[in-house]
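Participant: Could you have a look at this structure, given as structure tokens, before my questions?
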Amino acid sequence: MRKLTLAASIASLFVGLSAWAISPTIQISELPELAQEPQHKVASKRVTNRFTRAHYHRFQLDDAFSQQIYTRFLEQLDFRKNILTQADVDSFNQYQNQFDDMVKLGDMGPAYKMYAVVQKRRYERFAYALSLLENEFDFAKASDKYEYDRKDASWPKNEAELDELWRQRVKYDALNLKLAGKEWKEIQEVLGKRYNNAIKRLSQTHSEDVFQSVMNAFARTVEPHTSYLSPRNAERFQMEMNLSLEGIGAVLQMTDDYTVIKSLVAGGPAASSEKLSVEDKIVGVGQKGEEIVDVIGWRLDDVVDLIKGPKGSEVILEILPKKGGANAKTFEVTIIRDKIRLEDRAATSKVVTPETGPYADRKVGVVQIPGFYMNLSEDVRKELAKLEQENVEGIIIDLRGNGGGALTEATLLTGLFIDAGPVVQIRDANGRVTQNRDNDGKSAYSGPLTVMVDRYSASASEIFAAALQDYDRALIVGESTFGKGTVQQHKSLGRIYDMYEKPVGHVQYTIAKFYRINGGSTQLKGVTPDIAFPSALEPGEYGESEEKNALPWDKVPAAQYGVLGNIQTSLIDSLTQKHSSRIVGDVEFGYILEDIEEFKKHQEDKTISLVESERIASREDDDARALKRENERRVRNNLKPVESLDDVEDVKAEDQPDPFLDETALITLDMVDAKRLAKNASK
């Protein structure tokens, strides 16, 4: 009966196709019938064997675990809950307890059946979206909204509820284009291409896509940093490790239908453009002299292939910036592709000198470290020597946005600021604890030291900051860090005796955890700063804490080490009091606090207005606020005010206001003077 109902619904769908303004360019009959391939059975068994025997997290692969894999697989198939109905999900529930046996035995039949239904439902949804383009939407309809956050929503009860969700989505897409200045005819053309491209990609789905989805549902159920890489993705991973990838120097990920910038390689083309930021969305990609291609809804690997290209060639990206939120306007940036090499991430240094106030003309050195690459410690040693020649009174190590890297370099870098001792403890899957130590008996810099961190500082950054905090060697300022305290290993599933027509993939899995020398883990909790800067998010609302199944915080026995006593509780209290008093009257911190208040006001929003006048008014409010701030800054810098944001010239990254760094310099000088007073008092 279910097959008859499905066939009838598809038949009725196509009766009206000829009346649509835009029809699907591919028929539903052209969707591929996918089945697992010979290599998948053995690959699944090898993945299961690897995870159950060698993973740090010991787990029982039983029916309870199977239900978790099933739930995660279902989330992958329909994250927004706008493809399947409750009836579809009910029909899938028979497979809940079969996923453990599927991955153990390598028989993915039920998963392929689920995927086939979802493919058809996706086709139906995009075909319906195309039908909505026949008539222009009423963008003045009062109270109309788009429910964009359906993470906690129920599954739609029926097709009518699905239709309403897609009416909202298509109208949202259309309104965004209208707000960008496009007329209805252009909107029809852009969205017609977008939705037909989505249908075309359904027809290009491969068996490996289904297998990869199942394996990653399994891997991510074990632990968030565990994953399966298809042969294609494994090849790309290897290219990146071998530094042979020619592109823009950005790590990308898929979030809903968008390609989102996860991180930028310091020194790479994207970062050097000074126009891109983490969490910006790439909505279009074009080659020099060609039209920009809309890539919303594209597969991530297809977007990456479009962005990659020969060294020296140009790629044009259409960007929807995170800054500006729902009212953000897209802009284009041209980037010259280059070979991405880790040495482009080299540490740099500069001198910060307050221009006014009690600390005017006093020097503080800043070493900016974007990543823990090989030989980082030697580069930093050179930068420290340069700064000391500049007669700086203290040094700041800036680890904001630093996602980590080589563990050995975290140890060597710490060794530049202590004479000798343990730096980090590592516990493996068998419970054995080892230590990485600095043993050279000397340091490169012994003066006042501050370390800046934020919510993106992770892994090796956290090891370094935690060690200097435990030794009482440095003052830590900023936000609580990401909380990634785990070590991953990358392994191929292939064997030299394999005779399969197609290769098997790779796995990345967790083999150990990091622990501070005080015994506590950096996992989940990260590093808590001694002085916390204002933040829109509380600790626990970002980073590792966002993962449902992150490994827990725990501890091992403390290592044997002696504190240096540079940072006492009384000093932190005094510095915090001065910092708090100072930022009350600081204009830039005033802007930050305003932005935090605005963010919190909308943090729980799950809908956005589909009324054009409301969106325009909201955008104009944002623009007015930005223009007011720009002119206030210009007046303070003795520059002539501008009438429009369009009149503002591009400002280099180093010339942008950085109130957090400026305040950290003042805190460092507070610390310098406090130590000097204490030293004089002890004489």
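Note on naming: chains are A, B, ... as they come in the structure tokens, residues start from 1 per chain, ligands start from 1 in the order shown.
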DSSP on the backbone: what in segment 323-537 of chain A comes out alpha helix (DSSP H), as a ChimeraX atom specification?

Facilitator: /A:376-389,407-415,460-470

Participant: So how many Å separate atom CA of Leu252 of chain A and atom CA of Trp298 of chain A, to one decimal?

Facilitator: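 Rounded to one decimal, the two atoms are 12.7 Å apart.
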
Participant: Report the distance between atom CA of Gln425 of chain A and atom CA of Glu538 of chain A in Å, rounded to one decimal place.

Facilitator: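 Atom-to-atom, atom CA of Gln425 of chain A to atom CA of Glu538 of chain A, that is 27.4 Å.
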
Participant: Nearest to Ser644 of chain A: which of A:Asp454, A:Asp658, A:Glu620, A:Asp472 is it, counting only C-alpha atoms?

Facilitator: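 Ranked by minimum distance to Ser644 of chain A, first place goes to A:Glu620.
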
Participant: Just list as a short mmCIF file (atom, residue, chain, number, x, y, z; two decimals) with N, CA and C atoms, in the first residue's frame whatever in segment 476-637 of chain A DSSP marks as strand (DSSP E).

Facilitator:
data_model
loop_
_atom_site.label_atom_id
_atom_site.label_comp_id
_atom_site.auth_asym_id
_atom_site.auth_seq_id
_atom_site.Cartn_x
_atom_site.Cartn_y
_atom_site.Cartn_z
N ILE A 476 46.57 35.01 32.02
CA ILE A 476 45.74 34.61 30.88
C ILE A 476 44.52 35.51 30.81
N VAL A 477 44.28 36.12 29.65
CA VAL A 477 43.13 37.03 29.50
C VAL A 477 42.34 36.66 28.26
N GLY A 478 41.05 36.99 28.26
CA GLY A 478 40.20 36.75 27.08
C GLY A 478 38.95 35.99 27.43
N THR A 486 41.70 16.33 23.21
CA THR A 486 41.87 14.97 22.69
C THR A 486 42.88 14.93 21.55
N VAL A 487 43.46 13.72 21.34
CA VAL A 487 44.46 13.51 20.29
C VAL A 487 43.87 12.54 19.26
N GLN A 488 44.00 12.88 17.97
CA GLN A 488 43.47 12.01 16.91
C GLN A 488 44.59 11.37 16.09
N GLN A 489 44.26 10.21 15.54
CA GLN A 489 45.16 9.51 14.63
C GLN A 489 44.43 9.26 13.31
N HIS A 490 45.17 9.36 12.20
CA HIS A 490 44.60 9.16 10.86
C HIS A 490 45.13 7.84 10.31
N LYS A 491 44.22 6.95 9.88
CA LYS A 491 44.64 5.64 9.38
C LYS A 491 43.89 5.28 8.11
N SER A 492 44.59 4.67 7.15
CA SER A 492 43.95 4.13 5.96
C SER A 492 43.33 2.79 6.30
N HIS A 506 39.45 6.15 4.64
CA HIS A 506 40.32 6.30 5.80
C HIS A 506 39.45 6.61 7.02
N VAL A 507 40.04 6.48 8.20
CA VAL A 507 39.36 6.91 9.43
C VAL A 507 40.27 7.82 10.23
N GLN A 508 39.65 8.70 10.98
CA GLN A 508 40.36 9.52 11.96
C GLN A 508 39.67 9.27 13.29
N TYR A 509 40.43 8.92 14.31
CA TYR A 509 39.80 8.56 15.57
C TYR A 509 40.67 8.99 16.75
N THR A 510 40.05 9.10 17.90
CA THR A 510 40.71 9.61 19.09
C THR A 510 41.46 8.50 19.81
N ILE A 511 42.73 8.77 20.15
CA ILE A 511 43.58 7.75 20.78
C ILE A 511 44.07 8.16 22.17
N ALA A 512 43.90 9.45 22.55
CA ALA A 512 44.42 9.90 23.84
C ALA A 512 43.74 11.20 24.27
N LYS A 513 43.98 11.56 25.53
CA LYS A 513 43.48 12.83 26.06
C LYS A 513 44.64 13.61 26.68
N PHE A 514 44.52 14.93 26.61
CA PHE A 514 45.51 15.83 27.23
C PHE A 514 45.09 16.15 28.66
N TYR A 515 46.08 16.34 29.50
CA TYR A 515 45.83 16.80 30.87
C TYR A 515 46.85 17.87 31.25
N ILE A 531 41.56 36.88 33.74
CA ILE A 531 40.72 38.07 33.55
C ILE A 531 39.87 37.83 32.31
N ALA A 532 38.55 37.79 32.49
CA ALA A 532 37.63 37.50 31.39
C ALA A 532 37.17 38.78 30.72
N THR A 607 12.90 32.39 14.14
CA THR A 607 12.23 32.84 12.91
C THR A 607 12.80 34.19 12.48
N ILE A 608 12.55 34.51 11.20
CA ILE A 608 12.94 35.82 10.67
C ILE A 608 11.79 36.34 9.82
N SER A 609 11.61 37.65 9.83
CA SER A 609 10.49 38.25 9.12
C SER A 609 10.61 38.06 7.61
#

Participant: Could you name the residues that touch Ala467 of chain A at 8 Å or less, counting only C-alpha atoms, but leaving out those on the same chain fewer than 6 positions away, as a VMD selection string?

Facilitator: chain A and resid 414 423 to 424 516 to 517

Participant: Please produce an output containing C-alpha atoms for each residue in the selection, written as a PDB file, in the first residue's frame.

Facilitator:
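Result saved to result-v1.pdb:
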ATOM      1  CA  THR A 414      56.298  26.640  26.720  1.00  0.00           C
ATOM      2  CA  VAL A 423      54.306  20.808  30.165  1.00  0.00           C
ATOM      3  CA  VAL A 424      51.458  18.388  29.440  1.00  0.00           C
ATOM      4  CA  ARG A 516      47.288  19.869  32.518  1.00  0.00           C
ATOM      5  CA  ILE A 517      50.237  19.486  34.832  1.00  0.00           C
TER       6      ILE A 517
END

Participant: Restricting the calculation to only C-alpha atoms: of A:Leu384, A:Ile418, A:Ala681, A:Ile316, which residue gets closest to Asp438 of chain A?

Facilitator: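 With only C-alpha atoms as the atom set, the closest residue is A:Ile418.
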
Participant: State, in Å with one decimal place, the distance from atom CA of Glu136 of chain A to atom CA of Gln188 of chain A.

Facilitator: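 About the pair atom CA of Glu136 of chain A and atom CA of Gln188 of chain A: they are 8.7 Å apart.
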
Participant: Select, from A:Ala466, A:Ala111, A:Ala116, A:Val392, the residue with the minimum atom-to-atom distance to Ala410 of chain A, counting only C-alpha atoms.

Facilitator: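 Looking at the shortest contact to Ala410 of chain A, the residue is A:Ala466.
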
Participant: Any idea what's packed within 7 Å of Gly403 of chain A, counting only C-alpha atoms, ignoring anything in its chain fewer than 6 positions away? Could you give it as a ChimeraX atom specification?

Facilitator: /A:371,456-459,461
